[in-house]
Amino acid sequence: MEAPATPHGPAEPQPSRQPVNAVELTVTSPEQMRELGRRLAELLRAGDLVMLSGELGAGKTTLTRGLGEGLGVRGAVTSPTFVIARVHPSLGDGPPLVHVDAYRLSGGLDEMEDLDLDVSLPESVIVVEWGEGKVEELTEDRLQLVIHRAVGDTTDEVRHVTLTGLGERWKGTDLGVLSF
């Protein structure tokens, strides 16, 4: 007997989870990573969720520093590892930046509920470092950045960045404009 057809079998991801837009970039210095953040800020708007992944020292906070500069927010953007989240209000008419470091959090969205990210999302740009498996439920529309670097004892500054837009929000956005 044949099993009934399901709209989305195991081999076929849910449409909202499928990448609709992706680009790969090579970044050769911390200054260029910061510039990537400034360029990315031009594409972002209130309600955007950006998830950053990468090894320790890959450049997640450096990229977020550039985002803060590009968004024109108040306060120095530093790693929020020990405070978990920092809010940087806009100095102009743009959205505030909510910068979250979920590295020390072991649970999913439930553990992050106290941060009220779901309340902040509509009017803010939320950037979450180490957010995989923790914040995807906030929205189907998100931008995922994975930063790869050489590991071990190396002075190699080269990073390979993969940006993947998910959901309708990113369908018509040209991520190629971020290329150097």
# chains A, B, ... in the order shown; residues from 1 in each chain; ligands from 1

call {"tool": "closest_atom_pairs", "arguments": {"of": "region 110-173 of chain A", "to": "region 60-79 of chain A", "cutoff": "10 Å", "atoms": "only C-alpha atoms", "output": "JSON lines"}}
result
{"residue": "A:Val125", "atom": "CA", "partner": "A:Leu71", "partner_atom": "CA", "distance": 9.2}
{"residue": "A:Val127", "atom": "CA", "partner": "A:Thr64", "partner_atom": "CA", "distance": 7.5}
{"residue": "A:Val128", "atom": "CA", "partner": "A:Lys60", "partner_atom": "CA", "distance": 9.4}
{"residue": "A:Glu129", "atom": "CA", "partner": "A:Lys60", "partner_atom": "CA", "distance": 6.8}
{"residue": "A:Trp130", "atom": "CA", "partner": "A:Lys60", "partner_atom": "CA", "distance": 9.3}
{"residue": "A:Leu145", "atom": "CA", "partner": "A:Lys60", "partner_atom": "CA", "distance": 9.0}
{"residue": "A:Val146", "atom": "CA", "partner": "A:Lys60", "partner_atom": "CA", "distance": 9.0}
{"residue": "A:Ile147", "atom": "CA", "partner": "A:Lys60", "partner_atom": "CA", "distance": 7.5}

call {"tool": "write_last_selection", "arguments": {"atoms": "C-alpha atoms", "output": "PDB file, in the first residue's frame"}}
result
ATOM      1  CA  VAL A 125      17.355  44.975  13.233  1.00  0.00           C
ATOM      2  CA  VAL A 127      21.707  40.364  14.926  1.00  0.00           C
ATOM      3  CA  VAL A 128      22.250  37.062  16.736  1.00  0.00           C
ATOM      4  CA  GLU A 129      25.680  35.479  17.017  1.00  0.00           C
ATOM      5  CA  TRP A 130      25.579  31.715  17.670  1.00  0.00           C
ATOM      6  CA  LEU A 145      25.789  34.537   7.455  1.00  0.00           C
ATOM      7  CA  VAL A 146      28.326  31.796   7.928  1.00  0.00           C
ATOM      8  CA  ILE A 147      31.919  32.938   8.301  1.00  0.00           C
TER       9      ILE A 147
END

call {"tool": "residues_around", "arguments": {"residues": "Leu25 (chain A)", "least_positions_apart": "5", "cutoff": "7 Å", "atoms": "only C-alpha atoms", "output": "list in words"}}
result
His160, Val161, Thr162 and Ser179 of chain A

call {"tool": "write_last_selection", "arguments": {"atoms": "N, CA, C and O atoms", "output": "PDB file, in the first residue's frame"}}
result
ATOM      1  N   HIS A 160      35.855  33.330   4.454  1.00  0.00           N
ATOM      2  CA  HIS A 160      34.896  33.029   3.398  1.00  0.00           C
ATOM      3  C   HIS A 160      33.507  33.171   4.026  1.00  0.00           C
ATOM      4  O   HIS A 160      33.195  32.480   4.997  1.00  0.00           O
ATOM      5  N   VAL A 161      32.729  34.082   3.472  1.00  0.00           N
ATOM      6  CA  VAL A 161      31.428  34.411   4.039  1.00  0.00           C
ATOM      7  C   VAL A 161      30.340  33.951   3.071  1.00  0.00           C
ATOM      8  O   VAL A 161      30.353  34.307   1.900  1.00  0.00           O
ATOM      9  N   THR A 162      29.401  33.173   3.595  1.00  0.00           N
ATOM     10  CA  THR A 162      28.243  32.755   2.819  1.00  0.00           C
ATOM     11  C   THR A 162      27.022  33.443   3.406  1.00  0.00           C
ATOM     12  O   THR A 162      26.721  33.275   4.587  1.00  0.00           O
ATOM     13  N   SER A 179      29.408  42.279  -2.879  1.00  0.00           N
ATOM     14  CA  SER A 179      30.706  41.787  -3.352  1.00  0.00           C
ATOM     15  C   SER A 179      31.728  42.906  -3.398  1.00  0.00           C
ATOM     16  O   SER A 179      31.409  44.055  -3.700  1.00  0.00           O
TER      17      SER A 179
END

call {"tool": "select_by_dssp", "arguments": {"residues": "region 19-49 of chain A", "states": "alpha helix (DSSP H)", "output": "PyMOL selection string"}}
result
chain A and resi 30-41

call {"tool": "write_last_selection", "arguments": {"atoms": "C-alpha atoms", "output": "PDB file, in the first residue's frame"}}
result
ATOM      1  CA  PRO A  30      39.140  42.883   9.586  1.00  0.00           C
ATOM      2  CA  GLU A  31      38.700  46.266   7.889  1.00  0.00           C
ATOM      3  CA  GLN A  32      37.025  44.579   4.926  1.00  0.00           C
ATOM      4  CA  MET A  33      34.766  42.578   7.296  1.00  0.00           C
ATOM      5  CA  ARG A  34      33.700  45.849   8.906  1.00  0.00           C
ATOM      6  CA  GLU A  35      33.070  47.323   5.451  1.00  0.00           C
ATOM      7  CA  LEU A  36      30.908  44.300   4.616  1.00  0.00           C
ATOM      8  CA  GLY A  37      28.845  45.145   7.692  1.00  0.00           C
ATOM      9  CA  ARG A  38      28.468  48.769   6.564  1.00  0.00           C
ATOM     10  CA  ARG A  39      27.356  47.629   3.095  1.00  0.00           C
ATOM     11  CA  LEU A  40      24.960  45.081   4.545  1.00  0.00           C
ATOM     12  CA  ALA A  41      23.383  47.789   6.731  1.00  0.00           C
TER      13      ALA A  41
END

call {"tool": "closest_residue", "arguments": {"among": "A:Gln144, A:Ser124, A:Thr26, A:Ser53", "to": "Pro95 (chain A)", "atoms": "only C-alpha atoms"}}
result
A:Ser124

call {"tool": "residues_around", "arguments": {"residues": "Val23 (chain A)", "least_positions_apart": "6", "cutoff": "7 Å", "atoms": "only C-alpha atoms", "output": "PyMOL selection string"}}
result
chain A and resi 162-164+175-176

call {"tool": "write_last_selection", "arguments": {"atoms": "N, CA and C atoms", "output": "PDB file, in the first residue's frame"}}
result
ATOM      1  N   THR A 162      29.401  33.173   3.595  1.00  0.00           N
ATOM      2  CA  THR A 162      28.243  32.755   2.819  1.00  0.00           C
ATOM      3  C   THR A 162      27.022  33.443   3.406  1.00  0.00           C
ATOM      4  N   LEU A 163      26.358  34.241   2.595  1.00  0.00           N
ATOM      5  CA  LEU A 163      25.134  34.927   3.003  1.00  0.00           C
ATOM      6  C   LEU A 163      23.974  34.220   2.322  1.00  0.00           C
ATOM      7  N   THR A 164      22.987  33.834   3.107  1.00  0.00           N
ATOM      8  CA  THR A 164      21.834  33.133   2.575  1.00  0.00           C
ATOM      9  C   THR A 164      20.566  33.816   3.058  1.00  0.00           C
ATOM     10  N   LEU A 175      21.833  40.331  -3.116  1.00  0.00           N
ATOM     11  CA  LEU A 175      22.957  40.221  -2.198  1.00  0.00           C
ATOM     12  C   LEU A 175      24.294  40.375  -2.917  1.00  0.00           C
ATOM     13  N   GLY A 176      24.278  40.271  -4.224  1.00  0.00           N
ATOM     14  CA  GLY A 176      25.499  40.427  -5.019  1.00  0.00           C
ATOM     15  C   GLY A 176      26.108  41.813  -4.905  1.00  0.00           C
TER      16      GLY A 176
END

call {"tool": "residues_around", "arguments": {"residues": "Ile126 (chain A)", "least_positions_apart": "3", "cutoff": "9 Å", "atoms": "only C-alpha atoms", "output": "number ranges by chain"}}
result
A: 46-51, 96-100, 117, 120-121

call {"tool": "write_last_selection", "arguments": {"atoms": "C-alpha atoms", "output": "compact mmCIF listing (two decimals), in the first residue's frame"}}
result
# COMPACT_ATOMS: atom_id res chain seq x y z
CA ALA A 46 13.32 47.21 10.76
CA GLY A 47 12.07 43.66 11.23
CA ASP A 48 15.17 41.97 9.83
CA LEU A 49 16.80 39.08 11.66
CA VAL A 50 20.45 38.38 10.87
CA MET A 51 22.03 35.17 12.20
CA PRO A 96 17.79 50.35 16.52
CA LEU A 97 20.27 47.47 16.48
CA VAL A 98 19.74 44.62 18.94
CA HIS A 99 22.98 42.62 19.17
CA VAL A 100 22.67 39.20 20.82
CA LEU A 117 13.26 39.43 20.79
CA SER A 120 11.82 43.96 19.49
CA LEU A 121 11.89 42.42 16.01

call {"tool": "closest_residue", "arguments": {"among": "A:Leu52, A:Ala58, A:Leu43, A:Leu91", "to": "Arg149 (chain A)", "atoms": "only C-alpha atoms"}}
result
A:Ala58

call {"tool": "closest_residue", "arguments": {"among": "A:Glu42, A:Glu132, A:Glu123, A:Glu55", "to": "Val87 (chain A)", "atoms": "only C-alpha atoms"}}
result
A:Glu123
